[in-house]
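Reviewing the structure listed below.
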Amino acid sequence: MKNQQPLFHVVKRESGSPARQLLAYVAAVVLALAVGAVLLAVQGVEPVTFYKQLLTMGIPGSRYPWRAVENFIKLFVPLLITSLALSLAFKMRFWNIGGEGQFIMGAFWAGAAAMKLGDTLPQPLMVLVMALCGALGGGLYGVFAAALKVRFGTNETLLTLMLNYVALYFLQFFAETKAPWNFFLDPQSARPKFAKFPEGAQMLTVPIGSFHLNLSLVAALALCAILFVYLNYTKRGYEIAVVGDSPNTARYAGMKVGKIVIRTIFLSAALIGMAGALHMSSAGVMSASPTNDVGWTGIVVAWLAKLNTLGILAAALLITVLQFGCQTASATYPAIDANFANLLQGVILFTVLAADFFTRFKLVIRSGKEAAK
């Protein structure tokens with residue numbers, strides 16, 4: 001009996017040029033937008049007009065365009081920092097799905113510092129203290145999962161996922177418990193309600209005419225540059241790459257893999273916690289659901305960018321434009337829900353992944369006679 005060969009098989013392509021890969025990704029995004037245009041047309045919405053309003057975020061013709069930019073920055077900064085932080089863990093093949101929980105714990109401890117110290121410290125120092133408290137809270141929450149992984153070999157995906165819900169319900173307990181010791185709540189409100197932070201705990205801004213530049217954006221861009229250097233030009237960045245490629249090779253080279261894992265996950269979770277702190281300082285008040293799903297969206301951004309630091313900056317910008325622009329456009333088109341951005345985000349992810357696959361591999365199809373040999 002003759003051995004039948006499969007009709008097709010996957011063959012790895014020779015390494016293509018970066019320009020070709022970039023072109024494939026751009027084509028994938030255009031294809032995703034085309035799919036979205038079809039869905040818009042089915043619902044009776046003119047796609048070109050909708051996309052124009054989405055991509056410009058409703059700024060042209062607005063009476064207060066600077067407010068749109070200020071609100072855009074408040075969405076962009078947490079997503080960018082969280083995505084950068086997650087890429088650190090993913091480069092090491094540590095599947096940190098706990099961004100939501102680490103963000104919440106960072107926001108919680110930053111909020112606690114704001115409520116207790118906000119009236120006693122100068123504003124610049126208070127914002128710095130909030131950032132440090134948030135980083136410490138998020139870092140310790142994340143390193144707990146890393147320590148269990150190193151010591152007992154636990155599954156970090158499940159553990160970090162479950163810790164998200166522990167953090168969420170922990171925060172909701174403070175949001176719903178009216179008691180004298182709960183300093184987060186407004187004592188003047190009959191119902192549980194978060195009190196506003198003191199003025200000293202508000203994020204610093206630089207006035208540029210009517211526009212106020214949120215300094216958390218400057219911090220996020222500086223962090224992007226620092227992490228680029230850290231990952232590409234330092235010994236510790238090299239260790240992350242080696243451990244991610246092969247822990248056994250790292251051990252053979254004399255690297256202390258467990259120590260590297262704990263150090264890197266603490267840094268990753270601390271940055272996510274800091275993102276939560278900066279977001280709370282910008283918002284000026286605690287929230288029972290402060291994350292805006294950046295822990296989940298950050299995973300999408302990190303993988304869209306293939307864990308590349310500069311790519312994460314571009315992908316986070318694109319996703320934030322989609323989210324913020326869709327909120328603006330949906331106000332004009334009641335038939336379109338604000339969550340249409342999530343749909344586009346999912347389609348973009350799948351088309352980019354498909355583009356990445358076909359730039360690295362190709363399908364070889366055999367004829368019927370060749371397969372029968």
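Every chain in the structure tokens has a letter given in the order shown (A, B, ...), and although residue numbers restart at 1 in each chain, ligands are simply numbered from 1 in the order shown.
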Legend entry - Polymer residues at most 10 Å from Ala145 in chain A, only C-alpha atoms, same-chain spacing of 2 or more positions, as a count of residues only: 21
Residues of range 240-336 of chain A that have any atom at most 8 Å from an atom of range 47-66 of chain A: could you tabulate them with the shortest-distance atom pair and the distance in Å to one decimal, using only C-alpha atoms, ordered by chain and increasing number, as a tab-separated table?
residue	atom	partner	partner_atom	distance
A:Val321	CA	A:Leu55	CA	6.4
A:Leu322	CA	A:Leu54	CA	6.7
A:Phe324	CA	A:Met57	CA	6.6
A:Gly325	CA	A:Leu54	CA	4.0
A:Cys326	CA	A:Leu54	CA	5.3
A:Thr328	CA	A:Met57	CA	6.1
A:Ala329	CA	A:Leu54	CA	5.6
What are the closest atom pairs, with distances in Å to one decimal, for all residues of range 27-135 of chain A lying within 8 Å of range 219-243 of chain A? Consider only C-alpha atoms, order rows by chain and residue number, and present the result as JSON lines.
{"residue": "A:Val77", "atom": "CA", "partner": "A:Ala220", "partner_atom": "CA", "distance": 6.2}
{"residue": "A:Leu80", "atom": "CA", "partner": "A:Ala220", "partner_atom": "CA", "distance": 7.1}
{"residue": "A:Ile81", "atom": "CA", "partner": "A:Ala220", "partner_atom": "CA", "distance": 6.1}
{"residue": "A:Leu84", "atom": "CA", "partner": "A:Cys224", "partner_atom": "CA", "distance": 7.3}
{"residue": "A:Leu88", "atom": "CA", "partner": "A:Ile240", "partner_atom": "CA", "distance": 7.9}
{"residue": "A:Lys91", "atom": "CA", "partner": "A:Ala241", "partner_atom": "CA", "distance": 6.3}
{"residue": "A:Met92", "atom": "CA", "partner": "A:Ile240", "partner_atom": "CA", "distance": 5.5}
Using all heavy atoms, can you export the residues from the last selection as a PDB file, in the first residue's frame?
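Generated file (again_15.pdb):
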ATOM      1  N   VAL A  77      -1.860  56.714  28.039  1.00  0.00           N
ATOM      2  CA  VAL A  77      -0.729  56.482  28.944  1.00  0.00           C
ATOM      3  C   VAL A  77      -0.828  55.148  29.683  1.00  0.00           C
ATOM      4  O   VAL A  77       0.133  54.358  29.683  1.00  0.00           O
ATOM      5  CB  VAL A  77      -0.568  57.661  29.928  1.00  0.00           C
ATOM      6  CG1 VAL A  77       0.406  57.308  31.042  1.00  0.00           C
ATOM      7  CG2 VAL A  77      -0.081  58.895  29.184  1.00  0.00           C
ATOM      8  N   LEU A  80      -0.179  52.252  27.196  1.00  0.00           N
ATOM      9  CA  LEU A  80       1.207  52.173  26.738  1.00  0.00           C
ATOM     10  C   LEU A  80       2.100  51.561  27.809  1.00  0.00           C
ATOM     11  O   LEU A  80       2.869  50.630  27.543  1.00  0.00           O
ATOM     12  CB  LEU A  80       1.708  53.576  26.370  1.00  0.00           C
ATOM     13  CG  LEU A  80       3.199  53.678  26.003  1.00  0.00           C
ATOM     14  CD1 LEU A  80       3.520  52.801  24.803  1.00  0.00           C
ATOM     15  CD2 LEU A  80       3.595  55.125  25.738  1.00  0.00           C
ATOM     16  N   ILE A  81       1.997  52.055  29.053  1.00  0.00           N
ATOM     17  CA  ILE A  81       2.870  51.547  30.115  1.00  0.00           C
ATOM     18  C   ILE A  81       2.569  50.082  30.411  1.00  0.00           C
ATOM     19  O   ILE A  81       3.483  49.263  30.580  1.00  0.00           O
ATOM     20  CB  ILE A  81       2.712  52.400  31.390  1.00  0.00           C
ATOM     21  CG1 ILE A  81       3.178  53.833  31.131  1.00  0.00           C
ATOM     22  CG2 ILE A  81       3.515  51.792  32.546  1.00  0.00           C
ATOM     23  CD1 ILE A  81       2.998  54.756  32.318  1.00  0.00           C
ATOM     24  N   LEU A  84       3.997  47.868  27.608  1.00  0.00           N
ATOM     25  CA  LEU A  84       5.455  47.764  27.732  1.00  0.00           C
ATOM     26  C   LEU A  84       5.830  46.806  28.858  1.00  0.00           C
ATOM     27  O   LEU A  84       6.740  45.981  28.712  1.00  0.00           O
ATOM     28  CB  LEU A  84       6.043  49.151  28.004  1.00  0.00           C
ATOM     29  CG  LEU A  84       6.018  50.166  26.863  1.00  0.00           C
ATOM     30  CD1 LEU A  84       6.386  51.549  27.381  1.00  0.00           C
ATOM     31  CD2 LEU A  84       6.958  49.755  25.737  1.00  0.00           C
ATOM     32  N   LEU A  88       7.837  42.714  28.892  1.00  0.00           N
ATOM     33  CA  LEU A  88       8.987  42.221  29.651  1.00  0.00           C
ATOM     34  C   LEU A  88       8.773  40.771  30.068  1.00  0.00           C
ATOM     35  O   LEU A  88       9.667  39.922  29.923  1.00  0.00           O
ATOM     36  CB  LEU A  88       9.196  43.077  30.901  1.00  0.00           C
ATOM     37  CG  LEU A  88       9.768  44.480  30.720  1.00  0.00           C
ATOM     38  CD1 LEU A  88       9.730  45.227  32.048  1.00  0.00           C
ATOM     39  CD2 LEU A  88      11.186  44.425  30.178  1.00  0.00           C
ATOM     40  N   LYS A  91       8.589  38.330  26.939  1.00  0.00           N
ATOM     41  CA  LYS A  91       9.893  38.033  26.343  1.00  0.00           C
ATOM     42  C   LYS A  91      10.591  36.888  27.066  1.00  0.00           C
ATOM     43  O   LYS A  91      11.406  36.173  26.487  1.00  0.00           O
ATOM     44  CB  LYS A  91      10.786  39.286  26.374  1.00  0.00           C
ATOM     45  CG  LYS A  91      10.525  40.285  25.269  1.00  0.00           C
ATOM     46  CD  LYS A  91      11.453  41.478  25.391  1.00  0.00           C
ATOM     47  CE  LYS A  91      11.234  42.475  24.256  1.00  0.00           C
ATOM     48  NZ  LYS A  91      11.678  41.962  22.951  1.00  0.00           N
ATOM     49  N   MET A  92      10.242  36.710  28.330  1.00  0.00           N
ATOM     50  CA  MET A  92      10.845  35.667  29.140  1.00  0.00           C
ATOM     51  C   MET A  92       9.972  34.407  29.147  1.00  0.00           C
ATOM     52  O   MET A  92      10.226  33.473  29.911  1.00  0.00           O
ATOM     53  CB  MET A  92      11.036  36.183  30.569  1.00  0.00           C
ATOM     54  CG  MET A  92      12.118  35.505  31.351  1.00  0.00           C
ATOM     55  SD  MET A  92      12.392  36.385  32.912  1.00  0.00           S
ATOM     56  CE  MET A  92      10.725  36.462  33.539  1.00  0.00           C
TER      57      MET A  92
END
Inset, instruction - Show which residues sit within 9 Å of Leu75 in chain A, as a ChimeraX atom specification. Count only C-alpha atoms, and ignore same-chain residues fewer than 2 positions away. - result: /A:71-73,77-80,279,292,320,323-324
Legend entry - Contact residues around Val35 in chain A with only C-alpha atoms at 10 Å, ignoring same-chain residues under 5 positions, as a ChimeraX atom specification: /A:29-30,40,344,347-348
Inset, instruction - Enter the distance from CA of Met105 in chain A to CA of Gly138 in chain A, in Å, rounded to one decimal. - result: 5.4 Å
Inset, instruction - Just list the residues in range 51-283 of chain A DSSP gives helix (DSSP H, G or I) on the backbone, as a PyMOL selection string. - result: chain A and resi 51-56+65-91+99-117+123-152+156-176+199-201+215-233+235-245+247-252+257-283
Inset, instruction - Find the residues around Ile312 in chain A up to 10 Å (only C-alpha atoms counted), leave out those fewer than 5 positions away in its own chain, and share them as an MDAnalysis selection string. - result: chainID A and resid 79:81 83:84 87 224 298 300:307 317:318
File of the preceding selection, all heavy atoms, as a short mmCIF file (atom, residue, chain, number, x, y, z; two decimals), in the first residue's frame:
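Resulting contents of result.cif:
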data_model
loop_
_atom_site.label_atom_id
_atom_site.label_comp_id
_atom_site.auth_asym_id
_atom_site.auth_seq_id
_atom_site.Cartn_x
_atom_site.Cartn_y
_atom_site.Cartn_z
N LEU A 79 -2.43 52.43 28.88
CA LEU A 79 -2.31 51.33 27.93
C LEU A 79 -0.87 51.16 27.47
O LEU A 79 -0.35 50.03 27.39
CB LEU A 79 -3.22 51.56 26.73
CG LEU A 79 -3.18 50.48 25.64
CD1 LEU A 79 -3.55 49.11 26.20
CD2 LEU A 79 -4.08 50.84 24.47
N LEU A 80 -0.18 52.25 27.20
CA LEU A 80 1.21 52.17 26.74
C LEU A 80 2.10 51.56 27.81
O LEU A 80 2.87 50.63 27.54
CB LEU A 80 1.71 53.58 26.37
CG LEU A 80 3.20 53.68 26.00
CD1 LEU A 80 3.52 52.80 24.80
CD2 LEU A 80 3.60 55.13 25.74
N ILE A 81 2.00 52.05 29.05
CA ILE A 81 2.87 51.55 30.11
C ILE A 81 2.57 50.08 30.41
O ILE A 81 3.48 49.26 30.58
CB ILE A 81 2.71 52.40 31.39
CG1 ILE A 81 3.18 53.83 31.13
CG2 ILE A 81 3.52 51.79 32.55
CD1 ILE A 81 3.00 54.76 32.32
N SER A 83 1.30 47.81 28.39
CA SER A 83 1.76 46.99 27.27
C SER A 83 3.27 46.80 27.31
O SER A 83 3.78 45.69 27.09
CB SER A 83 1.35 47.63 25.94
OG SER A 83 -0.04 47.85 25.87
N LEU A 84 4.00 47.87 27.61
CA LEU A 84 5.45 47.76 27.73
C LEU A 84 5.83 46.81 28.86
O LEU A 84 6.74 45.98 28.71
CB LEU A 84 6.04 49.15 28.00
CG LEU A 84 6.02 50.17 26.86
CD1 LEU A 84 6.39 51.55 27.38
CD2 LEU A 84 6.96 49.76 25.74
N SER A 87 5.26 43.17 28.00
CA SER A 87 6.24 42.65 27.04
C SER A 87 7.49 42.14 27.74
O SER A 87 8.14 41.20 27.26
CB SER A 87 6.61 43.73 26.02
OG SER A 87 7.41 44.75 26.60
N CYS A 224 9.38 54.42 27.80
CA CYS A 224 9.52 53.68 26.53
C CYS A 224 10.99 53.70 26.07
O CYS A 224 11.53 52.66 25.68
CB CYS A 224 8.61 54.33 25.48
SG CYS A 224 8.40 53.38 23.97
N GLY A 298 -3.67 45.39 26.81
CA GLY A 298 -2.21 45.44 26.74
C GLY A 298 -1.61 44.16 26.18
O GLY A 298 -0.57 44.19 25.51
N VAL A 300 -3.03 42.33 23.85
CA VAL A 300 -3.24 42.46 22.40
C VAL A 300 -2.19 43.38 21.80
O VAL A 300 -1.58 43.07 20.76
CB VAL A 300 -4.66 42.98 22.11
CG1 VAL A 300 -4.85 43.24 20.62
CG2 VAL A 300 -5.71 42.00 22.61
N VAL A 301 -1.96 44.52 22.45
CA VAL A 301 -0.98 45.49 21.93
C VAL A 301 0.42 44.88 21.88
O VAL A 301 1.14 45.02 20.88
CB VAL A 301 -1.00 46.76 22.80
CG1 VAL A 301 0.17 47.68 22.43
CG2 VAL A 301 -2.31 47.50 22.63
N ALA A 302 0.81 44.19 22.96
CA ALA A 302 2.15 43.61 23.02
C ALA A 302 2.36 42.60 21.91
O ALA A 302 3.43 42.57 21.27
CB ALA A 302 2.38 42.96 24.38
N TRP A 303 1.36 41.77 21.63
CA TRP A 303 1.53 40.75 20.59
C TRP A 303 1.37 41.32 19.19
O TRP A 303 2.00 40.84 18.25
CB TRP A 303 0.55 39.60 20.82
CG TRP A 303 1.00 38.71 21.93
CD1 TRP A 303 0.44 38.57 23.16
CD2 TRP A 303 2.16 37.87 21.93
NE1 TRP A 303 1.16 37.70 23.92
CE2 TRP A 303 2.22 37.23 23.20
CE3 TRP A 303 3.14 37.58 20.99
CZ2 TRP A 303 3.22 36.34 23.54
CZ3 TRP A 303 4.15 36.69 21.33
CH2 TRP A 303 4.18 36.08 22.59
N LEU A 304 0.53 42.35 19.04
CA LEU A 304 0.46 43.02 17.74
C LEU A 304 1.82 43.59 17.36
O LEU A 304 2.22 43.55 16.19
CB LEU A 304 -0.56 44.16 17.78
CG LEU A 304 -2.04 43.81 17.57
CD1 LEU A 304 -2.91 45.05 17.72
CD2 LEU A 304 -2.26 43.19 16.19
N ALA A 305 2.53 44.11 18.35
CA ALA A 305 3.85 44.71 18.11
C ALA A 305 4.97 43.70 18.15
O ALA A 305 6.15 44.07 18.03
CB ALA A 305 4.11 45.80 19.14
N LYS A 306 4.65 42.40 18.34
CA LYS A 306 5.66 41.34 18.42
C LYS A 306 6.68 41.65 19.51
O LYS A 306 7.87 41.38 19.35
CB LYS A 306 6.33 41.13 17.06
CG LYS A 306 5.37 40.70 15.96
CD LYS A 306 6.04 40.52 14.63
CE LYS A 306 6.98 39.32 14.64
NZ LYS A 306 7.55 39.06 13.30
N LEU A 307 6.22 42.25 20.60
CA LEU A 307 7.02 42.55 21.79
C LEU A 307 8.14 43.56 21.52
O LEU A 307 9.08 43.67 22.29
CB LEU A 307 7.60 41.27 22.41
CG LEU A 307 6.61 40.14 22.67
CD1 LEU A 307 7.32 38.96 23.33
CD2 LEU A 307 5.43 40.60 23.49
N LEU A 317 -0.90 53.46 20.33
CA LEU A 317 -1.48 54.67 19.76
C LEU A 317 -2.66 54.33 18.86
O LEU A 317 -3.73 54.96 18.94
CB LEU A 317 -0.41 55.43 18.98
CG LEU A 317 -0.80 56.80 18.42
CD1 LEU A 317 -1.11 57.76 19.55
CD2 LEU A 317 0.33 57.37 17.55
N LEU A 318 -2.50 53.31 18.01
CA LEU A 318 -3.57 52.89 17.10
C LEU A 318 -4.80 52.42 17.88
O LEU A 318 -5.93 52.84 17.59
CB LEU A 318 -3.07 51.78 16.19
CG LEU A 318 -4.15 51.07 15.33
CD1 LEU A 318 -4.77 52.05 14.35
CD2 LEU A 318 -3.55 49.87 14.59
#
Using DSSP on the backbone coordinates, identify all residues within range 42-267 of chain A classified as strand (DSSP E or B); present the result as a PDB file with all heavy atoms, in the first residue's frame.
ATOM      1  N   LEU A 185     -13.989  56.608  51.246  1.00  0.00           N
ATOM      2  CA  LEU A 185     -15.348  57.057  50.959  1.00  0.00           C
ATOM      3  C   LEU A 185     -15.595  58.473  51.458  1.00  0.00           C
ATOM      4  O   LEU A 185     -14.983  58.936  52.425  1.00  0.00           O
ATOM      5  CB  LEU A 185     -16.361  56.097  51.571  1.00  0.00           C
ATOM      6  CG  LEU A 185     -16.299  54.647  51.074  1.00  0.00           C
ATOM      7  CD1 LEU A 185     -17.427  53.826  51.688  1.00  0.00           C
ATOM      8  CD2 LEU A 185     -16.354  54.580  49.553  1.00  0.00           C
ATOM      9  N   PHE A 194     -16.790  57.143  46.529  1.00  0.00           N
ATOM     10  CA  PHE A 194     -15.386  57.513  46.688  1.00  0.00           C
ATOM     11  C   PHE A 194     -15.240  59.023  46.800  1.00  0.00           C
ATOM     12  O   PHE A 194     -15.857  59.782  46.039  1.00  0.00           O
ATOM     13  CB  PHE A 194     -14.554  57.013  45.511  1.00  0.00           C
ATOM     14  CG  PHE A 194     -14.234  55.545  45.570  1.00  0.00           C
ATOM     15  CD1 PHE A 194     -14.646  54.685  44.571  1.00  0.00           C
ATOM     16  CD2 PHE A 194     -13.502  55.032  46.620  1.00  0.00           C
ATOM     17  CE1 PHE A 194     -14.341  53.337  44.618  1.00  0.00           C
ATOM     18  CE2 PHE A 194     -13.192  53.683  46.690  1.00  0.00           C
ATOM     19  CZ  PHE A 194     -13.614  52.831  45.682  1.00  0.00           C
ATOM     20  N   LYS A 196     -13.068  62.527  46.477  1.00  0.00           N
ATOM     21  CA  LYS A 196     -12.035  63.029  45.577  1.00  0.00           C
ATOM     22  C   LYS A 196     -10.708  63.146  46.318  1.00  0.00           C
ATOM     23  O   LYS A 196     -10.675  63.382  47.518  1.00  0.00           O
ATOM     24  CB  LYS A 196     -12.447  64.390  45.010  1.00  0.00           C
ATOM     25  CG  LYS A 196     -13.611  64.329  44.036  1.00  0.00           C
ATOM     26  CD  LYS A 196     -13.873  65.696  43.430  1.00  0.00           C
ATOM     27  CE  LYS A 196     -14.993  65.614  42.404  1.00  0.00           C
ATOM     28  NZ  LYS A 196     -15.280  66.942  41.790  1.00  0.00           N
ATOM     29  N   THR A 205       0.300  69.109  35.513  1.00  0.00           N
ATOM     30  CA  THR A 205       0.071  69.449  34.104  1.00  0.00           C
ATOM     31  C   THR A 205       0.828  70.726  33.775  1.00  0.00           C
ATOM     32  O   THR A 205       1.108  71.546  34.655  1.00  0.00           O
ATOM     33  CB  THR A 205      -1.430  69.653  33.804  1.00  0.00           C
ATOM     34  OG1 THR A 205      -1.950  70.706  34.635  1.00  0.00           O
ATOM     35  CG2 THR A 205      -2.226  68.379  34.057  1.00  0.00           C
ATOM     36  N   VAL A 206       1.146  70.862  32.495  1.00  0.00           N
ATOM     37  CA  VAL A 206       1.827  72.068  32.014  1.00  0.00           C
ATOM     38  C   VAL A 206       0.876  72.788  31.067  1.00  0.00           C
ATOM     39  O   VAL A 206       0.507  72.237  30.018  1.00  0.00           O
ATOM     40  CB  VAL A 206       3.139  71.713  31.286  1.00  0.00           C
ATOM     41  CG1 VAL A 206       3.779  72.974  30.710  1.00  0.00           C
ATOM     42  CG2 VAL A 206       4.104  71.004  32.224  1.00  0.00           C
ATOM     43  N   PRO A 207       0.433  73.996  31.399  1.00  0.00           N
ATOM     44  CA  PRO A 207      -0.492  74.710  30.509  1.00  0.00           C
ATOM     45  C   PRO A 207       0.206  75.184  29.245  1.00  0.00           C
ATOM     46  O   PRO A 207       1.276  75.793  29.287  1.00  0.00           O
ATOM     47  CB  PRO A 207      -0.958  75.887  31.374  1.00  0.00           C
ATOM     48  CG  PRO A 207       0.114  76.076  32.394  1.00  0.00           C
ATOM     49  CD  PRO A 207       0.723  74.738  32.640  1.00  0.00           C
ATOM     50  N   ILE A 208      -0.406  74.861  28.118  1.00  0.00           N
ATOM     51  CA  ILE A 208       0.066  75.348  26.813  1.00  0.00           C
ATOM     52  C   ILE A 208      -1.146  75.994  26.155  1.00  0.00           C
ATOM     53  O   ILE A 208      -1.917  75.339  25.438  1.00  0.00           O
ATOM     54  CB  ILE A 208       0.623  74.204  25.947  1.00  0.00           C
ATOM     55  CG1 ILE A 208       1.727  73.456  26.693  1.00  0.00           C
ATOM     56  CG2 ILE A 208       1.148  74.740  24.623  1.00  0.00           C
ATOM     57  CD1 ILE A 208       2.249  72.230  25.959  1.00  0.00           C
ATOM     58  N   PHE A 211      -4.700  74.251  26.395  1.00  0.00           N
ATOM     59  CA  PHE A 211      -4.395  72.836  26.572  1.00  0.00           C
ATOM     60  C   PHE A 211      -3.482  72.640  27.777  1.00  0.00           C
ATOM     61  O   PHE A 211      -2.549  73.410  28.000  1.00  0.00           O
ATOM     62  CB  PHE A 211      -3.717  72.302  25.302  1.00  0.00           C
ATOM     63  CG  PHE A 211      -3.132  70.929  25.435  1.00  0.00           C
ATOM     64  CD1 PHE A 211      -3.948  69.823  25.569  1.00  0.00           C
ATOM     65  CD2 PHE A 211      -1.754  70.744  25.435  1.00  0.00           C
ATOM     66  CE1 PHE A 211      -3.418  68.550  25.692  1.00  0.00           C
ATOM     67  CE2 PHE A 211      -1.207  69.484  25.544  1.00  0.00           C
ATOM     68  CZ  PHE A 211      -2.046  68.379  25.674  1.00  0.00           C
ATOM     69  N   HIS A 212      -3.761  71.592  28.565  1.00  0.00           N
ATOM     70  CA  HIS A 212      -2.929  71.255  29.717  1.00  0.00           C
ATOM     71  C   HIS A 212      -2.264  69.899  29.467  1.00  0.00           C
ATOM     72  O   HIS A 212      -2.939  68.872  29.422  1.00  0.00           O
ATOM     73  CB  HIS A 212      -3.762  71.214  31.003  1.00  0.00           C
ATOM     74  CG  HIS A 212      -4.159  72.568  31.492  1.00  0.00           C
ATOM     75  ND1 HIS A 212      -5.140  73.334  30.879  1.00  0.00           N
ATOM     76  CD2 HIS A 212      -3.691  73.329  32.534  1.00  0.00           C
ATOM     77  CE1 HIS A 212      -5.271  74.474  31.523  1.00  0.00           C
ATOM     78  NE2 HIS A 212      -4.401  74.503  32.525  1.00  0.00           N
ATOM     79  N   LEU A 213      -0.947  69.935  29.282  1.00  0.00           N
ATOM     80  CA  LEU A 213      -0.198  68.705  29.009  1.00  0.00           C
ATOM     81  C   LEU A 213      -0.060  67.890  30.285  1.00  0.00           C
ATOM     82  O   LEU A 213       0.533  68.355  31.272  1.00  0.00           O
ATOM     83  CB  LEU A 213       1.180  69.042  28.445  1.00  0.00           C
ATOM     84  CG  LEU A 213       2.128  67.855  28.233  1.00  0.00           C
ATOM     85  CD1 LEU A 213       1.562  66.895  27.194  1.00  0.00           C
ATOM     86  CD2 LEU A 213       3.519  68.339  27.812  1.00  0.00           C
ATOM     87  N   ASN A 214      -0.599  66.690  30.268  1.00  0.00           N
ATOM     88  CA  ASN A 214      -0.506  65.770  31.393  1.00  0.00           C
ATOM     89  C   ASN A 214       0.910  65.189  31.427  1.00  0.00           C
ATOM     90  O   ASN A 214       1.350  64.539  30.480  1.00  0.00           O
ATOM     91  CB  ASN A 214      -1.550  64.660  31.218  1.00  0.00           C
ATOM     92  CG  ASN A 214      -1.712  63.814  32.456  1.00  0.00           C
ATOM     93  OD1 ASN A 214      -0.736  63.405  33.062  1.00  0.00           O
ATOM     94  ND2 ASN A 214      -2.954  63.529  32.811  1.00  0.00           N
TER      95      ASN A 214
END
Legend entry - Long-range neighbours of Asp356 in chain A as number ranges by chain, 9 Å cut-off, only C-alpha atoms, 4 positions minimum in chain: A: 21, 24-25, 351-352, 360-361
Include N, CA, C and O atoms and write out the residues we just selected as a PDB file, in the first residue's frame.
ATOM      1  N   GLN A  21       7.577  43.026   5.691  1.00  0.00           N
ATOM      2  CA  GLN A  21       6.741  42.727   6.850  1.00  0.00           C
ATOM      3  C   GLN A  21       5.870  43.917   7.229  1.00  0.00           C
ATOM      4  O   GLN A  21       4.687  43.763   7.532  1.00  0.00           O
ATOM      5  N   ALA A  24       3.043  44.183   4.899  1.00  0.00           N
ATOM      6  CA  ALA A  24       2.032  43.162   5.175  1.00  0.00           C
ATOM      7  C   ALA A  24       1.153  43.569   6.356  1.00  0.00           C
ATOM      8  O   ALA A  24      -0.068  43.375   6.336  1.00  0.00           O
ATOM      9  N   TYR A  25       1.752  44.162   7.386  1.00  0.00           N
ATOM     10  CA  TYR A  25       0.974  44.596   8.551  1.00  0.00           C
ATOM     11  C   TYR A  25       0.036  45.745   8.193  1.00  0.00           C
ATOM     12  O   TYR A  25      -1.115  45.781   8.640  1.00  0.00           O
ATOM     13  N   THR A 351      -6.144  39.634  11.577  1.00  0.00           N
ATOM     14  CA  THR A 351      -5.553  39.886  10.259  1.00  0.00           C
ATOM     15  C   THR A 351      -4.045  40.097  10.355  1.00  0.00           C
ATOM     16  O   THR A 351      -3.289  39.648   9.491  1.00  0.00           O
ATOM     17  N   VAL A 352      -3.586  40.755  11.433  1.00  0.00           N
ATOM     18  CA  VAL A 352      -2.144  40.961  11.602  1.00  0.00           C
ATOM     19  C   VAL A 352      -1.448  39.631  11.886  1.00  0.00           C
ATOM     20  O   VAL A 352      -0.362  39.359  11.365  1.00  0.00           O
ATOM     21  N   ARG A 360       6.096  34.655   7.157  1.00  0.00           N
ATOM     22  CA  ARG A 360       7.134  33.744   7.658  1.00  0.00           C
ATOM     23  C   ARG A 360       7.025  32.341   7.083  1.00  0.00           C
ATOM     24  O   ARG A 360       8.001  31.600   7.069  1.00  0.00           O
ATOM     25  N   PHE A 361       5.817  31.958   6.637  1.00  0.00           N
ATOM     26  CA  PHE A 361       5.599  30.609   6.118  1.00  0.00           C
ATOM     27  C   PHE A 361       4.805  30.673   4.821  1.00  0.00           C
ATOM     28  O   PHE A 361       4.181  31.688   4.508  1.00  0.00           O
TER      29      PHE A 361
END
